[in-house]
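Student: The following block contains the structure, expressed as structure tokens.
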Amino acid sequence: MTMNASPVVLYREHQPMKRWIMRLLMLAVAFASAFLLALMLLGPHLPGWVIALLLLPVLGLAVATFTFRRLSIEVTETGIAFGFGFVRTRLRWQEIESVAPQPYLFTRFVGWGVRYDLRDTFAFVAQSGMGIELKTRKRWRYFITTDRPQELVDLVRARLTPCAAQVHW
């Protein structure tokens with residue numbers, strides 16, 4: 001019986017989502033749940049499909065709150081993985097062309113969570129401050145906030161092929 005060896009983790013970071021955003025999401029779930037409960041108690045004549053239809057956004061909001069509670073970043077010998085809960089991206093070192101530290105600009109991404117800008121950049125943002133931007137060989141860019149941007153940039157650059165590590169944009 002052979003066991004698959006897990007890649008060695010070289011770097012791991014977990015960033016909690018901004019506290020006020022999480023409180024706002026939890027408050028929205030609580031109000032939506034209370035509204036739904038009030039409808040069910042005060043309007044017992046409502047058809048089941050209406051209740052089910054109203055329940056979907058409440059469940060969606062609860063799942064979103066749970067999913068986006070923290071951003072995880074993990075670097076291994078084979079690549080880098082990052083994301084919120086099940087909304088994750090994995091890149092192998094061969095896919096990455098370059099990496100650079102970048103500040104998070106609210107005007108560029110307009111919020112927190114998983115974002116997209118018109119420069120073909122997907123952002124995974126848990127907090128304001130610094131982050132890194134990865135440019136892939138297939139035109140996509142990924143911005144990830146991190147508490148230790150320079151450490152992460154140095155680690156990624158050391159893993160890239162020598163010719164790719166020299167490319168800067």
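Identifiers in this document derive from the order of the structure tokens: chains are assigned A, B, ..., residues are numbered from 1 separately in each chain, and ligands are numbered from 1 in order of occurrence.
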If we count only C-alpha atoms, what is near Glu13 of chain A at a cut-off of 9 Å, once residues fewer than 4 positions away on the same chain are taken out, given as a PDB file with C-alpha atoms, in the first residue's frame?
Tutor:
ATOM      1  CA  LEU A  71      -7.709  34.244   3.060  1.00  0.00           C
ATOM      2  CA  SER A  72      -5.254  31.346   2.951  1.00  0.00           C
ATOM      3  CA  ILE A  73      -1.913  31.367   1.140  1.00  0.00           C
ATOM      4  CA  GLU A  74       0.272  28.280   0.855  1.00  0.00           C
ATOM      5  CA  THR A 146      -0.333  39.444   2.578  1.00  0.00           C
ATOM      6  CA  ASP A 147       1.170  40.488   5.897  1.00  0.00           C
ATOM      7  CA  ARG A 148       4.677  39.599   4.634  1.00  0.00           C
TER       8      ARG A 148
END
Student: DSSP on the backbone, then: every residue of segment 13-167 of chain A marked alpha helix (DSSP H), written as JSON, numbers by chain.
Tutor: {"A": [19, 20, 21, 22, 23, 24, 25, 26, 27, 28, 29, 30, 31, 32, 33, 34, 35, 36, 37, 38, 39, 40, 41, 42, 48, 49, 50, 51, 52, 53, 54, 55, 56, 57, 58, 59, 60, 61, 62, 63, 64, 65, 66, 67, 106, 107, 108, 109, 149, 150, 151, 152, 153, 154, 155, 156, 157, 158, 159, 162, 163, 164, 165]}
Student: How would you write, as a ChimeraX atom specification, the set of residues in segment 5-161 of chain A that DSSP gives as strand (DSSP E or B)?
Tutor: /A:9-16,70-76,79-84,87-92,96-103,113-117,121-125,130-136,141-145
Student: Applying 7 Å and only C-alpha atoms, which residues near Arg141 of chain A remain after dropping the ones on its own chain fewer than 4 positions away? List them as a VMD selection string.
Tutor: chain A and resid 120 to 122 133 to 136
Student: With only C-alpha atoms as the counted atoms, please give the residues lying no more than 12 Å from Glu95 of chain A, apart from itself and same-chain residues fewer than 5 positions off, as a list in words.
Tutor: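 Counting only the stated atoms, we get Thr78, Gly79, Ile80, Arg90, Leu134, Lys135, Thr136, Arg137, Lys138, Arg139, Trp140, Arg141, Tyr142, Val156, Arg159, Leu160, Thr161 and Ala164 of chain A.
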Student: Got time to write the residues from that selection, C-alpha atoms, as a CSV table (one decimal), in the first residue's frame?
Tutor:
chain,number,residue,atom,x,y,z
A,78,THR,CA,5.3,22.6,-6.7
A,79,GLY,CA,3.5,26.0,-6.6
A,80,ILE,CA,1.3,28.4,-4.8
A,90,ARG,CA,-3.5,26.9,-7.5
A,134,LEU,CA,1.6,37.3,-9.9
A,135,LYS,CA,1.6,37.5,-13.7
A,136,THR,CA,1.0,34.2,-15.4
A,137,ARG,CA,2.2,33.1,-18.9
A,138,LYS,CA,-1.5,33.0,-20.0
A,139,ARG,CA,-2.1,36.8,-19.5
A,140,TRP,CA,-3.9,36.5,-16.2
A,141,ARG,CA,-2.7,38.4,-13.1
A,142,TYR,CA,-3.5,37.6,-9.5
A,156,VAL,CA,8.2,32.9,-5.2
A,159,ARG,CA,11.1,29.1,-7.2
A,160,LEU,CA,10.6,30.6,-10.7
A,161,THR,CA,12.9,29.5,-13.6
A,164,ALA,CA,11.2,34.1,-15.8
Student: Quick check, in Å to one decimal: how far apart do atom CA of Ala100 of chain A and atom CA of Trp20 of chain A lie?
Tutor: 28.9 Å
Student: For Thr65 of chain A, list every protein, DNA or RNA residue within 7 Å, evaluated using only C-alpha atoms, and leave out those in the same chain fewer than 2 positions away; present the list as a list in words.
Tutor: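 In the requested form, the answer reads Met22, Leu25, Met26, Leu61, Ala62, Val63, Thr67, Phe68 and Arg69 of chain A.
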Student: For segment 31-40 of chain A, find every residue with an atom within 9 Å (counting only C-alpha atoms), except residues of its own chain fewer than 4 positions away, and show them as a PyMOL selection string.
Tutor: chain A and resi 26-27+44-46+51+54-55+57-58+61
Student: Compile the contact shell of Arg115 of chain A as an mmCIF file with all heavy atoms, in the first residue's frame: residues with an atom at most 12 Å away, counting only C-alpha atoms, same-chain residues fewer than 2 positions apart removed.
Tutor:
data_model
loop_
_atom_site.group_PDB
_atom_site.id
_atom_site.type_symbol
_atom_site.label_atom_id
_atom_site.label_comp_id
_atom_site.auth_asym_id
_atom_site.auth_seq_id
_atom_site.Cartn_x
_atom_site.Cartn_y
_atom_site.Cartn_z
ATOM 1 N N GLY A 83 -6.638 31.571 -1.641
ATOM 2 C CA GLY A 83 -8.064 31.774 -1.813
ATOM 3 C C GLY A 83 -8.820 31.787 -0.506
ATOM 4 O O GLY A 83 -8.254 31.665 0.573
ATOM 5 N N PHE A 84 -10.132 31.965 -0.660
ATOM 6 C CA PHE A 84 -11.064 31.976 0.459
ATOM 7 C C PHE A 84 -11.856 30.673 0.429
ATOM 8 O O PHE A 84 -12.567 30.406 -0.538
ATOM 9 C CB PHE A 84 -12.053 33.133 0.321
ATOM 10 C CG PHE A 84 -11.453 34.489 0.454
ATOM 11 C CD1 PHE A 84 -11.096 35.209 -0.674
ATOM 12 C CD2 PHE A 84 -11.255 35.062 1.697
ATOM 13 C CE1 PHE A 84 -10.558 36.477 -0.558
ATOM 14 C CE2 PHE A 84 -10.718 36.322 1.822
ATOM 15 C CZ PHE A 84 -10.360 37.036 0.686
ATOM 16 N N VAL A 87 -13.156 28.792 -2.683
ATOM 17 C CA VAL A 87 -12.848 29.666 -3.821
ATOM 18 C C VAL A 87 -11.331 29.853 -3.832
ATOM 19 O O VAL A 87 -10.790 30.788 -3.256
ATOM 20 C CB VAL A 87 -13.574 31.029 -3.704
ATOM 21 C CG1 VAL A 87 -13.287 31.900 -4.913
ATOM 22 C CG2 VAL A 87 -15.063 30.829 -3.517
ATOM 23 N N TYR A 104 -2.299 47.505 -2.060
ATOM 24 C CA TYR A 104 -3.715 47.340 -2.377
ATOM 25 C C TYR A 104 -4.305 48.731 -2.580
ATOM 26 O O TYR A 104 -4.169 49.608 -1.734
ATOM 27 C CB TYR A 104 -4.453 46.625 -1.236
ATOM 28 C CG TYR A 104 -5.947 46.745 -1.358
ATOM 29 C CD1 TYR A 104 -6.632 46.000 -2.296
ATOM 30 C CD2 TYR A 104 -6.672 47.621 -0.563
ATOM 31 C CE1 TYR A 104 -8.003 46.107 -2.442
ATOM 32 C CE2 TYR A 104 -8.038 47.737 -0.695
ATOM 33 C CZ TYR A 104 -8.700 46.989 -1.637
ATOM 34 O OH TYR A 104 -10.051 47.098 -1.780
ATOM 35 N N LEU A 105 -4.939 48.925 -3.709
ATOM 36 C CA LEU A 105 -5.594 50.198 -4.002
ATOM 37 C C LEU A 105 -7.101 49.969 -4.080
ATOM 38 O O LEU A 105 -7.583 49.245 -4.955
ATOM 39 C CB LEU A 105 -5.088 50.776 -5.323
ATOM 40 C CG LEU A 105 -3.591 51.067 -5.395
ATOM 41 C CD1 LEU A 105 -3.186 51.471 -6.807
ATOM 42 C CD2 LEU A 105 -3.221 52.147 -4.394
ATOM 43 N N PHE A 106 -7.828 50.601 -3.175
ATOM 44 C CA PHE A 106 -9.281 50.445 -3.170
ATOM 45 C C PHE A 106 -9.880 50.913 -4.491
ATOM 46 O O PHE A 106 -10.831 50.329 -4.998
ATOM 47 C CB PHE A 106 -9.901 51.219 -2.004
ATOM 48 C CG PHE A 106 -11.376 50.972 -1.851
ATOM 49 C CD1 PHE A 106 -11.831 49.872 -1.149
ATOM 50 C CD2 PHE A 106 -12.302 51.823 -2.433
ATOM 51 C CE1 PHE A 106 -13.183 49.627 -1.022
ATOM 52 C CE2 PHE A 106 -13.661 51.583 -2.312
ATOM 53 C CZ PHE A 106 -14.106 50.482 -1.601
ATOM 54 N N THR A 107 -9.305 51.962 -5.071
ATOM 55 C CA THR A 107 -9.824 52.493 -6.331
ATOM 56 C C THR A 107 -9.644 51.512 -7.488
ATOM 57 O O THR A 107 -10.356 51.596 -8.484
ATOM 58 C CB THR A 107 -9.135 53.819 -6.694
ATOM 59 O OG1 THR A 107 -7.717 53.620 -6.700
ATOM 60 C CG2 THR A 107 -9.490 54.902 -5.704
ATOM 61 N N ARG A 108 -8.722 50.591 -7.358
ATOM 62 C CA ARG A 108 -8.498 49.603 -8.414
ATOM 63 C C ARG A 108 -9.438 48.402 -8.285
ATOM 64 O O ARG A 108 -10.005 47.945 -9.268
ATOM 65 C CB ARG A 108 -7.046 49.122 -8.367
ATOM 66 C CG ARG A 108 -6.713 48.094 -9.419
ATOM 67 C CD ARG A 108 -5.252 47.723 -9.394
ATOM 68 N NE ARG A 108 -4.991 46.623 -10.303
ATOM 69 C CZ ARG A 108 -3.869 45.933 -10.301
ATOM 70 N NH1 ARG A 108 -2.896 46.234 -9.472
ATOM 71 N NH2 ARG A 108 -3.716 44.942 -11.158
ATOM 72 N N PHE A 109 -9.618 47.900 -7.068
ATOM 73 C CA PHE A 109 -10.407 46.688 -6.872
ATOM 74 C C PHE A 109 -11.780 46.948 -6.260
ATOM 75 O O PHE A 109 -12.631 46.067 -6.262
ATOM 76 C CB PHE A 109 -9.633 45.681 -6.019
ATOM 77 C CG PHE A 109 -8.371 45.215 -6.670
ATOM 78 C CD1 PHE A 109 -7.136 45.561 -6.157
ATOM 79 C CD2 PHE A 109 -8.411 44.448 -7.819
ATOM 80 C CE1 PHE A 109 -5.962 45.144 -6.765
ATOM 81 C CE2 PHE A 109 -7.249 44.020 -8.441
ATOM 82 C CZ PHE A 109 -6.027 44.376 -7.905
ATOM 83 N N VAL A 110 -11.994 48.102 -5.699
ATOM 84 C CA VAL A 110 -13.279 48.548 -5.154
ATOM 85 C C VAL A 110 -13.888 47.521 -4.191
ATOM 86 O O VAL A 110 -14.996 47.047 -4.384
ATOM 87 C CB VAL A 110 -14.287 48.896 -6.282
ATOM 88 C CG1 VAL A 110 -15.485 49.635 -5.711
ATOM 89 C CG2 VAL A 110 -13.635 49.717 -7.372
ATOM 90 N N GLY A 111 -13.142 47.161 -3.183
ATOM 91 C CA GLY A 111 -13.694 46.288 -2.161
ATOM 92 C C GLY A 111 -12.751 45.186 -1.718
ATOM 93 O O GLY A 111 -11.576 45.187 -2.047
ATOM 94 N N TRP A 112 -13.315 44.255 -0.953
ATOM 95 C CA TRP A 112 -12.574 43.140 -0.405
ATOM 96 C C TRP A 112 -13.236 41.845 -0.847
ATOM 97 O O TRP A 112 -14.362 41.841 -1.315
ATOM 98 C CB TRP A 112 -12.546 43.240 1.124
ATOM 99 C CG TRP A 112 -11.818 44.456 1.588
ATOM 100 C CD1 TRP A 112 -10.477 44.554 1.840
ATOM 101 C CD2 TRP A 112 -12.367 45.744 1.838
ATOM 102 N NE1 TRP A 112 -10.171 45.835 2.225
ATOM 103 C CE2 TRP A 112 -11.319 46.596 2.238
ATOM 104 C CE3 TRP A 112 -13.641 46.292 1.751
ATOM 105 C CZ2 TRP A 112 -11.494 47.922 2.553
ATOM 106 C CZ3 TRP A 112 -13.823 47.628 2.068
ATOM 107 C CH2 TRP A 112 -12.759 48.416 2.467
ATOM 108 N N GLY A 113 -12.533 40.732 -0.687
ATOM 109 C CA GLY A 113 -13.036 39.448 -1.154
ATOM 110 C C GLY A 113 -12.356 39.081 -2.458
ATOM 111 O O GLY A 113 -11.196 39.432 -2.688
ATOM 112 N N ASP A 117 -10.367 43.362 -11.887
ATOM 113 C CA ASP A 117 -10.244 44.695 -12.484
ATOM 114 C C ASP A 117 -10.103 44.560 -13.995
ATOM 115 O O ASP A 117 -10.011 43.463 -14.529
ATOM 116 C CB ASP A 117 -9.100 45.498 -11.868
ATOM 117 C CG ASP A 117 -7.729 45.065 -12.333
ATOM 118 O OD1 ASP A 117 -7.607 44.052 -13.042
ATOM 119 O OD2 ASP A 117 -6.752 45.733 -11.976
ATOM 120 N N LEU A 118 -10.104 45.667 -14.683
ATOM 121 C CA LEU A 118 -10.083 45.645 -16.145
ATOM 122 C C LEU A 118 -8.702 45.386 -16.727
ATOM 123 O O LEU A 118 -8.531 45.431 -17.939
ATOM 124 C CB LEU A 118 -10.666 46.954 -16.682
ATOM 125 C CG LEU A 118 -12.125 47.178 -16.296
ATOM 126 C CD1 LEU A 118 -12.615 48.525 -16.806
ATOM 127 C CD2 LEU A 118 -13.007 46.066 -16.804
ATOM 128 N N ARG A 119 -7.727 45.102 -15.890
ATOM 129 C CA ARG A 119 -6.385 44.733 -16.360
ATOM 130 C C ARG A 119 -6.196 43.221 -16.320
ATOM 131 O O ARG A 119 -5.067 42.745 -16.201
ATOM 132 C CB ARG A 119 -5.326 45.414 -15.499
ATOM 133 C CG ARG A 119 -5.289 46.918 -15.655
ATOM 134 C CD ARG A 119 -4.087 47.465 -14.941
ATOM 135 N NE ARG A 119 -4.532 48.189 -13.757
ATOM 136 C CZ ARG A 119 -3.733 48.693 -12.846
ATOM 137 N NH1 ARG A 119 -2.434 48.532 -12.951
ATOM 138 N NH2 ARG A 119 -4.209 49.346 -11.834
ATOM 139 N N ASP A 120 -7.285 42.484 -16.369
ATOM 140 C CA ASP A 120 -7.242 41.026 -16.297
ATOM 141 C C ASP A 120 -6.593 40.521 -15.015
ATOM 142 O O ASP A 120 -5.827 39.564 -15.022
ATOM 143 C CB ASP A 120 -6.528 40.422 -17.516
ATOM 144 C CG ASP A 120 -7.326 40.621 -18.793
ATOM 145 O OD1 ASP A 120 -8.564 40.631 -18.713
ATOM 146 O OD2 ASP A 120 -6.711 40.768 -19.860
ATOM 147 N N THR A 121 -6.894 41.194 -13.911
ATOM 148 C CA THR A 121 -6.343 40.810 -12.613
ATOM 149 C C THR A 121 -7.457 40.343 -11.695
ATOM 150 O O THR A 121 -8.438 41.050 -11.489
ATOM 151 C CB THR A 121 -5.621 41.997 -11.945
ATOM 152 O OG1 THR A 121 -4.626 42.507 -12.830
ATOM 153 C CG2 THR A 121 -4.968 41.589 -10.637
ATOM 154 N N PHE A 122 -7.291 39.140 -11.154
ATOM 155 C CA PHE A 122 -8.170 38.648 -10.107
ATOM 156 C C PHE A 122 -7.481 38.962 -8.785
ATOM 157 O O PHE A 122 -6.309 38.655 -8.609
ATOM 158 C CB PHE A 122 -8.400 37.142 -10.228
ATOM 159 C CG PHE A 122 -9.296 36.768 -11.353
ATOM 160 C CD1 PHE A 122 -8.764 36.354 -12.559
ATOM 161 C CD2 PHE A 122 -10.676 36.843 -11.215
ATOM 162 C CE1 PHE A 122 -9.590 36.012 -13.613
ATOM 163 C CE2 PHE A 122 -11.507 36.500 -12.263
ATOM 164 C CZ PHE A 122 -10.964 36.095 -13.472
ATOM 165 N N ALA A 123 -8.217 39.563 -7.869
ATOM 166 C CA ALA A 123 -7.644 39.927 -6.576
ATOM 167 C C ALA A 123 -8.309 39.112 -5.473
ATOM 168 O O ALA A 123 -9.521 38.896 -5.489
ATOM 169 C CB ALA A 123 -7.830 41.412 -6.311
ATOM 170 N N PHE A 124 -7.500 38.669 -4.536
ATOM 171 C CA PHE A 124 -7.969 37.979 -3.343
ATOM 172 C C PHE A 124 -7.565 38.884 -2.182
ATOM 173 O O PHE A 124 -6.397 38.903 -1.786
ATOM 174 C CB PHE A 124 -7.328 36.594 -3.235
ATOM 175 C CG PHE A 124 -7.810 35.648 -4.296
ATOM 176 C CD1 PHE A 124 -7.333 35.722 -5.591
ATOM 177 C CD2 PHE A 124 -8.773 34.698 -3.999
ATOM 178 C CE1 PHE A 124 -7.783 34.860 -6.576
ATOM 179 C CE2 PHE A 124 -9.233 33.820 -4.982
ATOM 180 C CZ PHE A 124 -8.745 33.906 -6.267
ATOM 181 N N VAL A 125 -8.528 39.641 -1.676
ATOM 182 C CA VAL A 125 -8.241 40.719 -0.735
ATOM 183 C C VAL A 125 -8.976 40.478 0.583
ATOM 184 O O VAL A 125 -10.201 40.440 0.618
ATOM 185 C CB VAL A 125 -8.674 42.084 -1.331
ATOM 186 C CG1 VAL A 125 -8.371 43.213 -0.363
ATOM 187 C CG2 VAL A 125 -8.016 42.321 -2.675
ATOM 188 N N ALA A 126 -8.204 40.351 1.671
ATOM 189 C CA ALA A 126 -8.791 40.196 2.999
ATOM 190 C C ALA A 126 -8.632 41.467 3.825
ATOM 191 O O ALA A 126 -9.346 41.656 4.797
ATOM 192 C CB ALA A 126 -8.140 39.027 3.733
ATOM 193 N N ARG A 141 -3.419 37.875 -14.284
ATOM 194 C CA ARG A 141 -2.676 38.369 -13.126
ATOM 195 C C ARG A 141 -3.503 38.071 -11.878
ATOM 196 O O ARG A 141 -4.730 38.065 -11.935
ATOM 197 C CB ARG A 141 -2.450 39.876 -13.229
ATOM 198 C CG ARG A 141 -1.589 40.289 -14.382
ATOM 199 C CD ARG A 141 -1.580 41.814 -14.494
ATOM 200 N NE ARG A 141 -0.990 42.223 -15.742
ATOM 201 C CZ ARG A 141 0.078 42.997 -15.832
ATOM 202 N NH1 ARG A 141 0.664 43.443 -14.755
ATOM 203 N NH2 ARG A 141 0.554 43.330 -17.000
ATOM 204 N N TYR A 142 -2.808 37.847 -10.793
ATOM 205 C CA TYR A 142 -3.461 37.594 -9.512
ATOM 206 C C TYR A 142 -2.827 38.504 -8.470
ATOM 207 O O TYR A 142 -1.610 38.529 -8.320
ATOM 208 C CB TYR A 142 -3.299 36.133 -9.083
ATOM 209 C CG TYR A 142 -3.987 35.171 -10.005
ATOM 210 C CD1 TYR A 142 -3.301 34.593 -11.066
ATOM 211 C CD2 TYR A 142 -5.322 34.842 -9.820
ATOM 212 C CE1 TYR A 142 -3.935 33.714 -11.925
ATOM 213 C CE2 TYR A 142 -5.958 33.956 -10.685
ATOM 214 C CZ TYR A 142 -5.257 33.406 -11.733
ATOM 215 O OH TYR A 142 -5.878 32.541 -12.582
ATOM 216 N N PHE A 143 -3.669 39.232 -7.743
ATOM 217 C CA PHE A 143 -3.211 40.057 -6.639
ATOM 218 C C PHE A 143 -3.681 39.399 -5.352
ATOM 219 O O PHE A 143 -4.846 39.004 -5.238
ATOM 220 C CB PHE A 143 -3.788 41.476 -6.749
ATOM 221 C CG PHE A 143 -3.413 42.344 -5.584
ATOM 222 C CD1 PHE A 143 -2.191 42.996 -5.575
ATOM 223 C CD2 PHE A 143 -4.260 42.487 -4.507
ATOM 224 C CE1 PHE A 143 -1.826 43.785 -4.493
ATOM 225 C CE2 PHE A 143 -3.909 43.273 -3.428
ATOM 226 C CZ PHE A 143 -2.691 43.927 -3.423
ATOM 227 N N ILE A 144 -2.765 39.267 -4.382
ATOM 228 C CA ILE A 144 -3.079 38.623 -3.112
ATOM 229 C C ILE A 144 -2.566 39.518 -1.991
ATOM 230 O O ILE A 144 -1.384 39.877 -1.984
ATOM 231 C CB ILE A 144 -2.363 37.258 -2.972
ATOM 232 C CG1 ILE A 144 -2.489 36.427 -4.243
ATOM 233 C CG2 ILE A 144 -2.866 36.498 -1.764
ATOM 234 C CD1 ILE A 144 -1.421 35.370 -4.354
ATOM 235 N N THR A 145 -3.425 39.883 -1.046
ATOM 236 C CA THR A 145 -2.922 40.646 0.101
ATOM 237 C C THR A 145 -2.164 39.700 1.020
ATOM 238 O O THR A 145 -2.477 38.516 1.126
ATOM 239 C CB THR A 145 -4.069 41.323 0.886
ATOM 240 O OG1 THR A 145 -5.025 40.342 1.295
ATOM 241 C CG2 THR A 145 -4.740 42.398 0.050
#
